[in-house]
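Student: Okay, handing you the structure first.
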Number of protein chains: 2
Amino acid sequence: MAGVPKAKAILLIGDGLGDRPVADLGGKTPLEAANKPGMDRIAAEGEVGLMDPIAPGVRAGSDTSHLAILGYDPYRYYTGRGPFEAAGIGMDVKQGDISFRCNFSTVDDSMTVIDRRAGRIVEGTDQLAAGVDGMRIEDVRALFKESVAHRGALVLRGPGLGADVSDTDPHEEGAKVHKCEPTAAGDEAAAKTARIVNEFVKRSYEALNNHPVNVARREQGLNPANIILPRGAGLAPDLRNFDERYGLKSACVAETGLIKGVAKYVGMTIVDAPGATGGLDSDIMAMGRAIVEALESHNFILCNVKGGDVAGHDNQPAAKVALIERLDEMVRFLLDRAGSETYIVLTSDHSTPVAVMDHSGDPVPIAFWGPGVRTDACKSFGERPAATGGVGRIRGVDVMNMITNLMGVQEKFGA
Amino acid sequence: MAGVPKAKAILLIGDGLGDRPVADLGGKTPLEAANKPGMDRIAAEGEVGLMDPIAPGVRAGSDTSHLAILGYDPYRYYTGRGPFEAAGIGMDVKQGDISFRCNFSTVDDSMTVIDRRAGRIVEGTDQLAAGVDGMRIEDVRALFKESVAHRGALVLRGPGLGADVSDTDPHEEGAKVHKCEPTAAGDEAAAKTARIVNEFVKRSYEALNNHPVNVARREQGLNPANIILPRGAGLAPDLRNFDERYGLKSACVAETGLIKGVAKYVGMTIVDAPGATGGLDSDIMAMGRAIVEALESHNFILCNVKGGDVAGHDNQPAAKVALIERLDEMVRFLLDRAGSETYIVLTSDHSTPVAVMDHSGDPVPIAFWGPGVRTDACKSFGERPAATGGVGRIRGVDVMNMITNLMGVQEKFGA
């Protein structure tokens, strides 16, 4: 596109920011109740609307929503949490791998699950993981890495594997470890995966039951993390590289493994921000500084700030308002440093209403700020004001087309 | 639909009318800045909204947009520019033909391209075309017709042809003519097409190198148009006839070959308007008269007025405003002559913002005027006013369903 200089863009996603009217906030939503001059400036100078991450009313996860917002239809590409969680904790997941979320659990010698979370173990899981990582079962390599607390991920790499298998985690205590089985008869690839998984679970018990970490735990009266239970099998999907697809040089500043995993999986550079914890106490300004720094060598930054979602899950409206006000400080920092060719797109990946204490299917506000946008009459960044804006109601999969259109980097379809 | 009389409809598309706020126009868009009582009457008495020709943010071509607006999903049916360009210059393209855009070019006797546009030749291309048109290569007929200046189109008709072949045009001067090749190994149909194309290129050189037109050009010191280089192969798609599909009797009043090509391809009658040049000086009123005349024997008229797009590409906001005001005169003429059963649907095929100087993915206003529409509060035909209208935000592929619904000619889907 002649005449349009090469622009930069920041896509800032406040995780779970959307909400419903809250009685304790005088019938306002947390976004409507918060004092947020930065976000309101973006709304007033920009073009505002509502976005359904997936489709109206559909309750999105953070992973499916981010996939959609980055332009990958989750109905086509979301093949379970396993692949994105494994990528998110730094595992090198390749297309075709079968990935699982796992728990370290406690079993007795009859394979009955005593504690699904192994006493919510915090320390030593790296040593336990080292005891099982890299084992070879038949012609398959089993890669394992610990995540936060009792969590971890298993990646199976080898020929002829299928993802349609059941969980080994019985999802309740007092039940026996489930045998992994193909979900459909005659699925040879799934049967192979199930065989490998069952062998992995057996060997994990053999490797971990008397592992020094667990010997020490028993001595302290703690449940040993003496087995690994995979669940949520997913085939790593074939996603086109984000930068190649859009002609961008992108980076991601995020707090949680899940978002980093999605970003890494589509090929974004992951930038760490020290002190960004994903909690309500996170150093949000550190993320702002990381964005500004990353913009020197990249022209597209995805940033996810997690805290709003945490407050929503915990039914803490005041904490959610406070988080929004702290996030607004970062927004003002970005506005101060945005060059004349920088776009800021402000939105959320889903609503997490405090009254629901989980993700809901309510749409979220979205605002496009930067040169050439059709500024509308909406002056405030909130759920109800956004419904009056010029953008109308769009979907997550529209967002990257709208951003690359503004940036002037999108190829024309047709003549 | 009982009780609804047979109605007529005019779908008036101002090419590239949509824009972004322009500083020189006081922050208004050209549509917002123009004095256009006719369009504003349509908005005030009609129902208004925003339309994404393809999808939000997607930069549409005029061909893909018109296909979408006529109800043919371009992601399914747009098979390259070749078929629609060839139809647009009056060639009788049939489903299954392989069509190419072509340049008359200048090569030396080693087949190195000296001038891709043959000195931007203007005259004599009809005589050159006659020298190659209709040749038979194997069991394939090669039809060729000149277009404007150094341009032309090639249509291959015969059994067993495929479209997945590379360009012969090297797209740079000083390079040799490229050999046409299948883009995938083992594609027999593409291999046949490639063989025919290479033979056509060779024979075009033999027929044109010493053609009297080129002898004369050399004498004048001009580059000879001594070869034809096809590119952009496209398989003519299987589109259902427009009139059969919608139960209409349609005609098209348009200025450019590309739009006439799309309209002709779906089976519309093409009506010429003398003096309609496609430029800023076009006789727009002549098109208005052609519409009114065509409505006597047809009940659906598609009209495309090109000038707004030209002003956008040329970064001329004042000229774009002036073009809109001249188009408004035609709108008022149509309003004066519209019977009580005539609908006017006013929109654009894409935005061509003057600041961008090319098509953008910003949505365009659309207004539906005629009996029974749900008149809303929007009183003005412009980008920002349209965002407040009752139609909301729709897509190009919705338009014909909305028109045939109003006209009462659409069959019910279900009981």
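As shown in the structure tokens, the chain order sets the letters A, B, ...; within each chain, residues go from 1, and ligands are also counted from 1 in the order they appear.
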Considering only C-alpha atoms, return as JSON, numbers by chain whatever protein or nucleic-acid residues lie within 12 Å of Arg337 (chain B), sequence-local ones (same chain, fewer than 5 positions apart) excluded.

Tutor: {"B": [10, 288, 289, 291, 292, 293, 295, 296, 330, 331, 332, 342, 343, 344]}

Student: Just the selected residues (C-alpha atoms), exported as a short mmCIF file (atom, residue, chain, number, x, y, z; two decimals), in the first residue's frame, please.

Tutor:
```
data_model
loop_
_atom_site.label_atom_id
_atom_site.label_comp_id
_atom_site.auth_asym_id
_atom_site.auth_seq_id
_atom_site.Cartn_x
_atom_site.Cartn_y
_atom_site.Cartn_z
CA ILE B 10 -31.09 -0.63 -8.28
CA GLY B 288 -28.34 7.30 -14.56
CA ARG B 289 -30.29 7.52 -17.81
CA ILE B 291 -30.28 2.66 -15.49
CA VAL B 292 -33.74 4.18 -15.88
CA GLU B 293 -33.97 2.91 -19.44
CA LEU B 295 -35.33 -0.75 -15.68
CA GLU B 296 -38.07 -0.78 -18.33
CA MET B 330 -27.45 10.92 -10.42
CA VAL B 331 -28.87 9.58 -7.13
CA ARG B 332 -31.42 12.43 -7.06
CA THR B 342 -38.41 0.43 -6.68
CA TYR B 343 -35.66 -0.16 -4.16
CA ILE B 344 -32.38 1.71 -4.24
#
```

Student: Which residues, written as a short mmCIF file (atom, residue, chain, number, x, y, z; two decimals) with N, CA and C atoms, in the first residue's frame, have at least one atom at most 8 Å from region 392-398 of chain A, with only C-alpha atoms counted and residues fewer than 3 positions away on the same chain left out?

Tutor:
```
data_model
loop_
_atom_site.label_atom_id
_atom_site.label_comp_id
_atom_site.auth_asym_id
_atom_site.auth_seq_id
_atom_site.Cartn_x
_atom_site.Cartn_y
_atom_site.Cartn_z
N VAL A 48 -14.14 2.04 18.63
CA VAL A 48 -14.46 1.10 19.69
C VAL A 48 -15.58 0.16 19.26
N GLY A 49 -15.59 -1.02 19.83
CA GLY A 49 -16.67 -1.96 19.55
C GLY A 49 -16.65 -3.11 20.55
N LEU A 50 -17.46 -4.10 20.26
CA LEU A 50 -17.48 -5.31 21.07
C LEU A 50 -16.90 -6.45 20.26
N MET A 51 -16.19 -7.34 20.94
CA MET A 51 -15.63 -8.50 20.27
C MET A 51 -16.08 -9.79 20.96
N ASP A 52 -16.55 -10.72 20.17
CA ASP A 52 -16.75 -12.09 20.65
C ASP A 52 -15.51 -12.88 20.29
N PRO A 53 -14.76 -13.36 21.28
CA PRO A 53 -13.50 -14.05 20.96
C PRO A 53 -13.73 -15.20 19.97
N ILE A 54 -14.76 -15.99 20.19
CA ILE A 54 -15.06 -17.12 19.29
C ILE A 54 -16.32 -16.79 18.49
N ALA A 55 -17.43 -16.66 19.17
CA ALA A 55 -18.72 -16.32 18.56
C ALA A 55 -19.62 -15.87 19.70
N SER A 65 -9.16 -18.46 22.74
CA SER A 65 -9.37 -17.05 22.42
C SER A 65 -8.14 -16.44 21.77
N ALA A 68 -7.78 -17.59 18.27
CA ALA A 68 -8.73 -16.90 17.39
C ALA A 68 -8.26 -15.48 17.10
N ILE A 69 -7.85 -14.77 18.16
CA ILE A 69 -7.44 -13.37 17.99
C ILE A 69 -6.20 -13.28 17.10
N LEU A 70 -5.35 -14.29 17.17
CA LEU A 70 -4.17 -14.29 16.30
C LEU A 70 -4.51 -14.79 14.89
N GLY A 71 -5.77 -15.16 14.67
CA GLY A 71 -6.22 -15.49 13.32
C GLY A 71 -6.27 -16.98 13.00
N TYR A 72 -6.15 -17.84 14.03
CA TYR A 72 -6.21 -19.28 13.81
C TYR A 72 -7.54 -19.81 14.36
N ASP A 73 -8.44 -20.18 13.48
CA ASP A 73 -9.76 -20.65 13.89
C ASP A 73 -9.64 -21.81 14.88
N ALA A 387 -20.50 -0.89 23.13
CA ALA A 387 -21.58 -1.34 22.25
C ALA A 387 -22.09 -0.22 21.35
N THR A 388 -21.75 1.04 21.67
CA THR A 388 -22.22 2.17 20.87
C THR A 388 -21.17 2.62 19.85
N GLY A 389 -20.01 1.98 19.84
CA GLY A 389 -18.90 2.46 19.01
C GLY A 389 -19.01 2.07 17.55
N ASN A 401 -6.84 -9.23 10.84
CA ASN A 401 -7.11 -8.59 9.54
C ASN A 401 -7.28 -7.09 9.73
N MET A 402 -7.96 -6.70 10.81
CA MET A 402 -8.19 -5.28 11.04
C MET A 402 -6.88 -4.57 11.39
N ALA B 55 -14.83 -9.50 4.71
CA ALA B 55 -14.89 -9.72 6.16
C ALA B 55 -14.18 -8.53 6.79
N PRO B 56 -14.42 -8.27 8.09
CA PRO B 56 -13.78 -7.11 8.71
C PRO B 56 -12.27 -7.10 8.50
N GLY B 57 -11.77 -5.97 8.03
CA GLY B 57 -10.33 -5.80 7.88
C GLY B 57 -9.75 -6.35 6.60
N ALA B 387 -22.47 3.71 11.06
CA ALA B 387 -22.20 2.79 12.17
C ALA B 387 -23.30 2.84 13.22
N GLY B 392 -26.70 -2.41 11.30
CA GLY B 392 -25.52 -2.94 12.00
C GLY B 392 -24.39 -3.16 11.01
N ARG B 393 -23.67 -4.21 11.21
CA ARG B 393 -22.48 -4.49 10.38
C ARG B 393 -22.67 -5.82 9.66
#
```

Student: Residues of chain A no more than 10 Å from chain B, counting only C-alpha atoms: send them over as a PDB file with N, CA and C atoms, in the first residue's frame.

Tutor:
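The new file out.pdb reads:
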```pdb
ATOM      1  N   MET A   1       0.844  -1.188   0.000  1.00  0.00           N
ATOM      2  CA  MET A   1       0.000   0.000   0.000  1.00  0.00           C
ATOM      3  C   MET A   1       0.886   1.247   0.000  1.00  0.00           C
ATOM      4  N   ALA A   2       0.926   1.904  -1.119  1.00  0.00           N
ATOM      5  CA  ALA A   2       1.727   3.118  -1.219  1.00  0.00           C
ATOM      6  C   ALA A   2       1.176   4.180  -0.272  1.00  0.00           C
ATOM      7  N   GLY A   3       2.011   5.033   0.206  1.00  0.00           N
ATOM      8  CA  GLY A   3       1.538   6.168   1.003  1.00  0.00           C
ATOM      9  C   GLY A   3       1.398   5.869   2.476  1.00  0.00           C
ATOM     10  N   VAL A   4       1.415   4.598   2.852  1.00  0.00           N
ATOM     11  CA  VAL A   4       1.304   4.267   4.266  1.00  0.00           C
ATOM     12  C   VAL A   4       2.666   3.814   4.764  1.00  0.00           C
ATOM     13  N   PRO A   5       3.224   4.513   5.730  1.00  0.00           N
ATOM     14  CA  PRO A   5       4.531   4.099   6.243  1.00  0.00           C
ATOM     15  C   PRO A   5       4.403   2.797   7.011  1.00  0.00           C
ATOM     16  N   PRO A 371      -3.032   6.122  13.800  1.00  0.00           N
ATOM     17  CA  PRO A 371      -3.326   6.973  12.654  1.00  0.00           C
ATOM     18  C   PRO A 371      -4.379   6.389  11.711  1.00  0.00           C
ATOM     19  N   GLY A 372      -5.340   7.244  11.332  1.00  0.00           N
ATOM     20  CA  GLY A 372      -6.317   6.876  10.311  1.00  0.00           C
ATOM     21  C   GLY A 372      -7.559   6.184  10.806  1.00  0.00           C
ATOM     22  N   VAL A 373      -7.615   5.809  12.096  1.00  0.00           N
ATOM     23  CA  VAL A 373      -8.827   5.116  12.543  1.00  0.00           C
ATOM     24  C   VAL A 373     -10.019   6.073  12.497  1.00  0.00           C
ATOM     25  N   ARG A 374     -11.191   5.509  12.279  1.00  0.00           N
ATOM     26  CA  ARG A 374     -12.418   6.300  12.204  1.00  0.00           C
ATOM     27  C   ARG A 374     -12.926   6.568  13.615  1.00  0.00           C
ATOM     28  N   THR A 375     -12.336   7.577  14.257  1.00  0.00           N
ATOM     29  CA  THR A 375     -12.737   7.949  15.618  1.00  0.00           C
ATOM     30  C   THR A 375     -14.255   8.069  15.706  1.00  0.00           C
ATOM     31  N   ASP A 376     -14.818   7.471  16.758  1.00  0.00           N
ATOM     32  CA  ASP A 376     -16.275   7.505  16.890  1.00  0.00           C
ATOM     33  C   ASP A 376     -16.670   8.279  18.135  1.00  0.00           C
ATOM     34  N   ALA A 377     -17.946   8.237  18.489  1.00  0.00           N
ATOM     35  CA  ALA A 377     -18.443   9.037  19.608  1.00  0.00           C
ATOM     36  C   ALA A 377     -18.203   8.384  20.960  1.00  0.00           C
ATOM     37  N   THR A 388     -21.753   1.035  21.672  1.00  0.00           N
ATOM     38  CA  THR A 388     -22.217   2.170  20.869  1.00  0.00           C
ATOM     39  C   THR A 388     -21.175   2.616  19.845  1.00  0.00           C
ATOM     40  N   GLY A 389     -20.007   1.978  19.838  1.00  0.00           N
ATOM     41  CA  GLY A 389     -18.899   2.460  19.010  1.00  0.00           C
ATOM     42  C   GLY A 389     -19.012   2.074  17.550  1.00  0.00           C
ATOM     43  N   GLY A 390     -18.123   2.633  16.749  1.00  0.00           N
ATOM     44  CA  GLY A 390     -18.164   2.478  15.303  1.00  0.00           C
ATOM     45  C   GLY A 390     -17.761   1.110  14.789  1.00  0.00           C
ATOM     46  N   VAL A 391     -17.114   0.337  15.621  1.00  0.00           N
ATOM     47  CA  VAL A 391     -16.646  -0.982  15.173  1.00  0.00           C
ATOM     48  C   VAL A 391     -17.792  -1.988  15.116  1.00  0.00           C
ATOM     49  N   GLY A 392     -18.851  -1.710  15.885  1.00  0.00           N
ATOM     50  CA  GLY A 392     -19.930  -2.689  15.948  1.00  0.00           C
ATOM     51  C   GLY A 392     -19.488  -3.919  16.708  1.00  0.00           C
ATOM     52  N   ARG A 393     -19.878  -5.067  16.224  1.00  0.00           N
ATOM     53  CA  ARG A 393     -19.578  -6.318  16.940  1.00  0.00           C
ATOM     54  C   ARG A 393     -18.807  -7.246  16.006  1.00  0.00           C
ATOM     55  N   ILE A 394     -17.584  -7.511  16.375  1.00  0.00           N
ATOM     56  CA  ILE A 394     -16.715  -8.329  15.534  1.00  0.00           C
ATOM     57  C   ILE A 394     -16.342  -9.604  16.274  1.00  0.00           C
ATOM     58  N   ARG A 395     -15.540 -10.423  15.609  1.00  0.00           N
ATOM     59  CA  ARG A 395     -15.096 -11.672  16.220  1.00  0.00           C
ATOM     60  C   ARG A 395     -13.573 -11.690  16.357  1.00  0.00           C
ATOM     61  N   VAL A 397     -11.398 -13.732  15.251  1.00  0.00           N
ATOM     62  CA  VAL A 397     -10.646 -14.010  14.019  1.00  0.00           C
ATOM     63  C   VAL A 397     -10.567 -12.807  13.086  1.00  0.00           C
ATOM     64  N   ASP A 398     -11.367 -11.762  13.338  1.00  0.00           N
ATOM     65  CA  ASP A 398     -11.281 -10.553  12.518  1.00  0.00           C
ATOM     66  C   ASP A 398     -10.124  -9.646  12.921  1.00  0.00           C
ATOM     67  N   VAL A 399      -9.642  -9.785  14.148  1.00  0.00           N
ATOM     68  CA  VAL A 399      -8.775  -8.765  14.741  1.00  0.00           C
ATOM     69  C   VAL A 399      -7.482  -8.570  13.951  1.00  0.00           C
ATOM     70  N   MET A 400      -6.801  -9.651  13.603  1.00  0.00           N
ATOM     71  CA  MET A 400      -5.517  -9.492  12.897  1.00  0.00           C
ATOM     72  C   MET A 400      -5.724  -8.896  11.503  1.00  0.00           C
ATOM     73  N   ASN A 401      -6.844  -9.234  10.836  1.00  0.00           N
ATOM     74  CA  ASN A 401      -7.109  -8.588   9.541  1.00  0.00           C
ATOM     75  C   ASN A 401      -7.285  -7.087   9.728  1.00  0.00           C
ATOM     76  N   MET A 402      -7.961  -6.703  10.808  1.00  0.00           N
ATOM     77  CA  MET A 402      -8.190  -5.276  11.041  1.00  0.00           C
ATOM     78  C   MET A 402      -6.885  -4.565  11.391  1.00  0.00           C
ATOM     79  N   ILE A 403      -6.013  -5.232  12.142  1.00  0.00           N
ATOM     80  CA  ILE A 403      -4.741  -4.610  12.522  1.00  0.00           C
ATOM     81  C   ILE A 403      -3.820  -4.490  11.303  1.00  0.00           C
ATOM     82  N   THR A 404      -3.690  -5.568  10.525  1.00  0.00           N
ATOM     83  CA  THR A 404      -2.781  -5.504   9.373  1.00  0.00           C
ATOM     84  C   THR A 404      -3.325  -4.553   8.300  1.00  0.00           C
ATOM     85  N   ASN A 405      -4.648  -4.386   8.250  1.00  0.00           N
ATOM     86  CA  ASN A 405      -5.225  -3.367   7.362  1.00  0.00           C
ATOM     87  C   ASN A 405      -4.759  -1.983   7.779  1.00  0.00           C
ATOM     88  N   LEU A 406      -4.864  -1.681   9.080  1.00  0.00           N
ATOM     89  CA  LEU A 406      -4.432  -0.363   9.549  1.00  0.00           C
ATOM     90  C   LEU A 406      -2.928  -0.179   9.360  1.00  0.00           C
ATOM     91  N   GLY A 408      -1.107  -1.346   7.133  1.00  0.00           N
ATOM     92  CA  GLY A 408      -0.724  -1.240   5.727  1.00  0.00           C
ATOM     93  C   GLY A 408       0.189  -2.361   5.264  1.00  0.00           C
ATOM     94  N   GLN A 410      -1.125  -5.620   4.707  1.00  0.00           N
ATOM     95  CA  GLN A 410      -1.937  -6.751   4.227  1.00  0.00           C
ATOM     96  C   GLN A 410      -2.027  -6.753   2.714  1.00  0.00           C
ATOM     97  N   GLU A 411      -1.901  -7.928   2.116  1.00  0.00           N
ATOM     98  CA  GLU A 411      -2.055  -8.008   0.659  1.00  0.00           C
ATOM     99  C   GLU A 411      -3.525  -7.928   0.278  1.00  0.00           C
ATOM    100  N   LYS A 412      -3.767  -7.344  -0.887  1.00  0.00           N
ATOM    101  CA  LYS A 412      -5.132  -7.196  -1.381  1.00  0.00           C
ATOM    102  C   LYS A 412      -5.615  -8.531  -1.935  1.00  0.00           C
ATOM    103  N   PHE A 413      -6.891  -8.834  -1.696  1.00  0.00           N
ATOM    104  CA  PHE A 413      -7.492 -10.056  -2.232  1.00  0.00           C
ATOM    105  C   PHE A 413      -8.264  -9.665  -3.486  1.00  0.00           C
ATOM    106  N   GLY A 414      -7.674  -9.900  -4.645  1.00  0.00           N
ATOM    107  CA  GLY A 414      -8.320  -9.535  -5.895  1.00  0.00           C
ATOM    108  C   GLY A 414      -7.687  -8.286  -6.481  1.00  0.00           C
ATOM    109  N   ALA A 415      -8.356  -7.717  -7.473  1.00  0.00           N
ATOM    110  CA  ALA A 415      -7.788  -6.613  -8.248  1.00  0.00           C
ATOM    111  C   ALA A 415      -8.489  -5.294  -7.970  1.00  0.00           C
TER     112      ALA A 415
END
```

Student: Between CA of Ala233 (chain B) and CA of Val107 (chain B), what is the spacing in Å?

Tutor: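 Going from CA of Val107 (chain B) over to CA of Ala233 (chain B) covers 21.6 Å.
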
Student: Could you pull out the strand (DSSP E) residues of region 309-382 of chain A from DSSP and send them as a list in words?

Tutor: Thr342, Tyr343, Ile344, Val345, Leu346, Thr347, Val364, Pro365, Ile366, Ala367, Phe368 and Trp369 of chain A

Student: Quick one: pick out all alpha helix (DSSP H) residues within region 52-258 of chain B from a backbone DSSP run and write them as a PyMOL selection string.

Tutor: chain B and resi 62-69+74-77+81-88+125-130+188-208+212-219+242-246+257-258

Student: How far is it from CA of Ile114 (chain A) to CA of Ala175 (chain A), in Å with one decimal?

Tutor: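 One can read the CA of Ile114 (chain A) to CA of Ala175 (chain A) distance as 8.2 Å.
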
Student: Which residues are near region 33-35 of chain B? Cut-off 12 Å, only C-alpha atoms, ignore same chain within fewer than 5 positions. Put them as JSON, numbers by chain.

Tutor: {"B": [17, 19, 20, 21, 22, 23, 24, 25, 26, 27, 28, 40, 41, 317, 318, 319, 320, 321, 322, 323, 324, 325, 326, 327, 328, 329, 380, 381, 382, 383, 384]}

Student: With N, CA and C atoms retained, could you export that selection as an mmCIF file, in the first residue's frame?

Tutor:
```
data_model
loop_
_atom_site.group_PDB
_atom_site.id
_atom_site.type_symbol
_atom_site.label_atom_id
_atom_site.label_comp_id
_atom_site.auth_asym_id
_atom_site.auth_seq_id
_atom_site.Cartn_x
_atom_site.Cartn_y
_atom_site.Cartn_z
ATOM 1 N N LEU B 17 -15.641 4.347 -2.558
ATOM 2 C CA LEU B 17 -16.122 5.571 -1.880
ATOM 3 C C LEU B 17 -15.690 5.659 -0.423
ATOM 4 N N ASP B 19 -13.686 5.814 3.072
ATOM 5 C CA ASP B 19 -12.409 6.491 3.330
ATOM 6 C C ASP B 19 -12.175 6.560 4.837
ATOM 7 N N ARG B 20 -11.098 7.246 5.204
ATOM 8 C CA ARG B 20 -10.770 7.490 6.610
ATOM 9 C C ARG B 20 -10.835 9.002 6.854
ATOM 10 N N PRO B 21 -10.834 9.433 8.113
ATOM 11 C CA PRO B 21 -10.864 10.882 8.365
ATOM 12 C C PRO B 21 -9.680 11.576 7.685
ATOM 13 N N VAL B 22 -9.956 12.705 7.026
ATOM 14 C CA VAL B 22 -8.939 13.427 6.252
ATOM 15 C C VAL B 22 -8.726 14.798 6.888
ATOM 16 N N ALA B 23 -7.480 15.080 7.267
ATOM 17 C CA ALA B 23 -7.193 16.355 7.940
ATOM 18 C C ALA B 23 -7.634 17.541 7.084
ATOM 19 N N ASP B 24 -7.360 17.471 5.756
ATOM 20 C CA ASP B 24 -7.712 18.578 4.867
ATOM 21 C C ASP B 24 -9.220 18.782 4.749
ATOM 22 N N LEU B 25 -9.985 17.815 5.188
ATOM 23 C CA LEU B 25 -11.448 17.940 5.160
ATOM 24 C C LEU B 25 -11.985 18.151 6.579
ATOM 25 N N GLY B 26 -11.158 18.712 7.446
ATOM 26 C CA GLY B 26 -11.580 18.984 8.816
ATOM 27 C C GLY B 26 -11.832 17.722 9.614
ATOM 28 N N GLY B 27 -11.105 16.661 9.285
ATOM 29 C CA GLY B 27 -11.287 15.418 10.026
ATOM 30 C C GLY B 27 -12.481 14.603 9.566
ATOM 31 N N LYS B 28 -13.150 15.059 8.514
ATOM 32 C CA LYS B 28 -14.252 14.280 7.950
ATOM 33 C C LYS B 28 -13.736 13.378 6.845
ATOM 34 N N ASP B 40 -28.192 11.496 1.301
ATOM 35 C CA ASP B 40 -28.683 11.693 2.664
ATOM 36 C C ASP B 40 -30.185 11.417 2.757
ATOM 37 N N ARG B 41 -30.920 11.686 1.668
ATOM 38 C CA ARG B 41 -32.352 11.338 1.677
ATOM 39 C C ARG B 41 -32.515 9.804 1.737
ATOM 40 N N PRO B 317 -8.411 14.293 -2.190
ATOM 41 C CA PRO B 317 -9.650 14.360 -1.407
ATOM 42 C C PRO B 317 -10.704 15.296 -2.009
ATOM 43 N N ALA B 318 -10.256 16.453 -2.516
ATOM 44 C CA ALA B 318 -11.235 17.397 -3.071
ATOM 45 C C ALA B 318 -11.915 16.803 -4.306
ATOM 46 N N ALA B 319 -11.137 16.109 -5.127
ATOM 47 C CA ALA B 319 -11.723 15.477 -6.309
ATOM 48 C C ALA B 319 -12.689 14.371 -5.904
ATOM 49 N N LYS B 320 -12.383 13.692 -4.807
ATOM 50 C CA LYS B 320 -13.283 12.626 -4.340
ATOM 51 C C LYS B 320 -14.601 13.222 -3.860
ATOM 52 N N VAL B 321 -14.505 14.338 -3.120
ATOM 53 C CA VAL B 321 -15.724 15.032 -2.684
ATOM 54 C C VAL B 321 -16.535 15.475 -3.905
ATOM 55 N N ALA B 322 -15.852 16.040 -4.897
ATOM 56 C CA ALA B 322 -16.552 16.527 -6.096
ATOM 57 C C ALA B 322 -17.217 15.377 -6.844
ATOM 58 N N LEU B 323 -16.517 14.254 -6.914
ATOM 59 C CA LEU B 323 -17.097 13.080 -7.588
ATOM 60 C C LEU B 323 -18.347 12.611 -6.853
ATOM 61 N N ILE B 324 -18.288 12.603 -5.533
ATOM 62 C CA ILE B 324 -19.454 12.185 -4.734
ATOM 63 C C ILE B 324 -20.620 13.133 -4.991
ATOM 64 N N GLU B 325 -20.313 14.422 -5.104
ATOM 65 C CA GLU B 325 -21.394 15.390 -5.334
ATOM 66 C C GLU B 325 -21.982 15.222 -6.735
ATOM 67 N N ARG B 326 -21.147 14.851 -7.704
ATOM 68 C CA ARG B 326 -21.684 14.580 -9.050
ATOM 69 C C ARG B 326 -22.473 13.271 -9.063
ATOM 70 N N LEU B 327 -21.998 12.289 -8.299
ATOM 71 C CA LEU B 327 -22.757 11.043 -8.201
ATOM 72 C C LEU B 327 -24.102 11.295 -7.516
ATOM 73 N N ASP B 328 -24.106 12.230 -6.575
ATOM 74 C CA ASP B 328 -25.359 12.536 -5.878
ATOM 75 C C ASP B 328 -26.418 13.080 -6.829
ATOM 76 N N GLU B 329 -25.957 13.806 -7.829
ATOM 77 C CA GLU B 329 -26.907 14.316 -8.829
ATOM 78 C C GLU B 329 -27.614 13.136 -9.503
ATOM 79 N N SER B 380 -27.766 10.452 7.543
ATOM 80 C CA SER B 380 -26.690 10.884 6.653
ATOM 81 C C SER B 380 -25.916 9.666 6.166
ATOM 82 N N PHE B 381 -25.509 9.724 4.882
ATOM 83 C CA PHE B 381 -24.789 8.594 4.299
ATOM 84 C C PHE B 381 -23.284 8.833 4.427
ATOM 85 N N GLY B 382 -22.696 8.284 5.483
ATOM 86 C CA GLY B 382 -21.257 8.432 5.701
ATOM 87 C C GLY B 382 -20.789 7.308 6.584
ATOM 88 N N GLU B 383 -19.475 7.182 6.719
ATOM 89 C CA GLU B 383 -18.926 6.041 7.437
ATOM 90 C C GLU B 383 -19.339 6.027 8.906
ATOM 91 N N ARG B 384 -19.147 7.157 9.603
ATOM 92 C CA ARG B 384 -19.459 7.169 11.028
ATOM 93 C C ARG B 384 -20.965 7.176 11.287
#
```

Student: Can you pull out every residue within 10 Å of Ala153 (chain A), counting only C-alpha atoms, but drop anything in the same chain fewer than 2 positions away, and send it as a PyMOL selection string?

Tutor: chain A and resi 82-89+91+99-103+129+143-147+151+155+228-231

Student: Restricted to C-alpha atoms, what would the selected residues look like written as a short mmCIF file (atom, residue, chain, number, x, y, z; two decimals), in the first residue's frame?

Tutor:
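Generated file (out.cif):
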```
data_model
loop_
_atom_site.label_atom_id
_atom_site.label_comp_id
_atom_site.auth_asym_id
_atom_site.auth_seq_id
_atom_site.Cartn_x
_atom_site.Cartn_y
_atom_site.Cartn_z
CA GLY A 82 -1.77 -30.53 25.83
CA PRO A 83 0.20 -29.07 22.92
CA PHE A 84 -0.11 -25.44 24.06
CA GLU A 85 0.58 -26.19 27.73
CA ALA A 86 3.67 -28.20 26.83
CA ALA A 87 4.93 -25.41 24.57
CA GLY A 88 4.10 -22.92 27.31
CA ILE A 89 6.49 -24.51 29.81
CA MET A 91 9.03 -27.81 25.68
CA SER A 99 0.94 -33.95 24.09
CA PHE A 100 -0.71 -34.42 27.48
CA ARG A 101 -1.29 -32.37 30.58
CA CYS A 102 -0.14 -34.35 33.59
CA ASN A 103 -0.39 -34.37 37.37
CA ALA A 129 10.91 -35.03 36.05
CA LEU A 143 9.53 -36.16 26.86
CA PHE A 144 8.38 -34.90 30.24
CA LYS A 145 8.74 -31.56 31.98
CA GLU A 146 7.44 -30.26 35.27
CA SER A 147 5.28 -27.14 35.34
CA ARG A 151 1.58 -30.07 37.11
CA VAL A 155 5.09 -35.12 24.79
CA ILE A 228 2.48 -39.25 36.70
CA LEU A 229 -1.06 -39.29 35.31
CA PRO A 230 -1.46 -37.93 31.74
CA ARG A 231 -4.77 -36.54 30.48
#
```
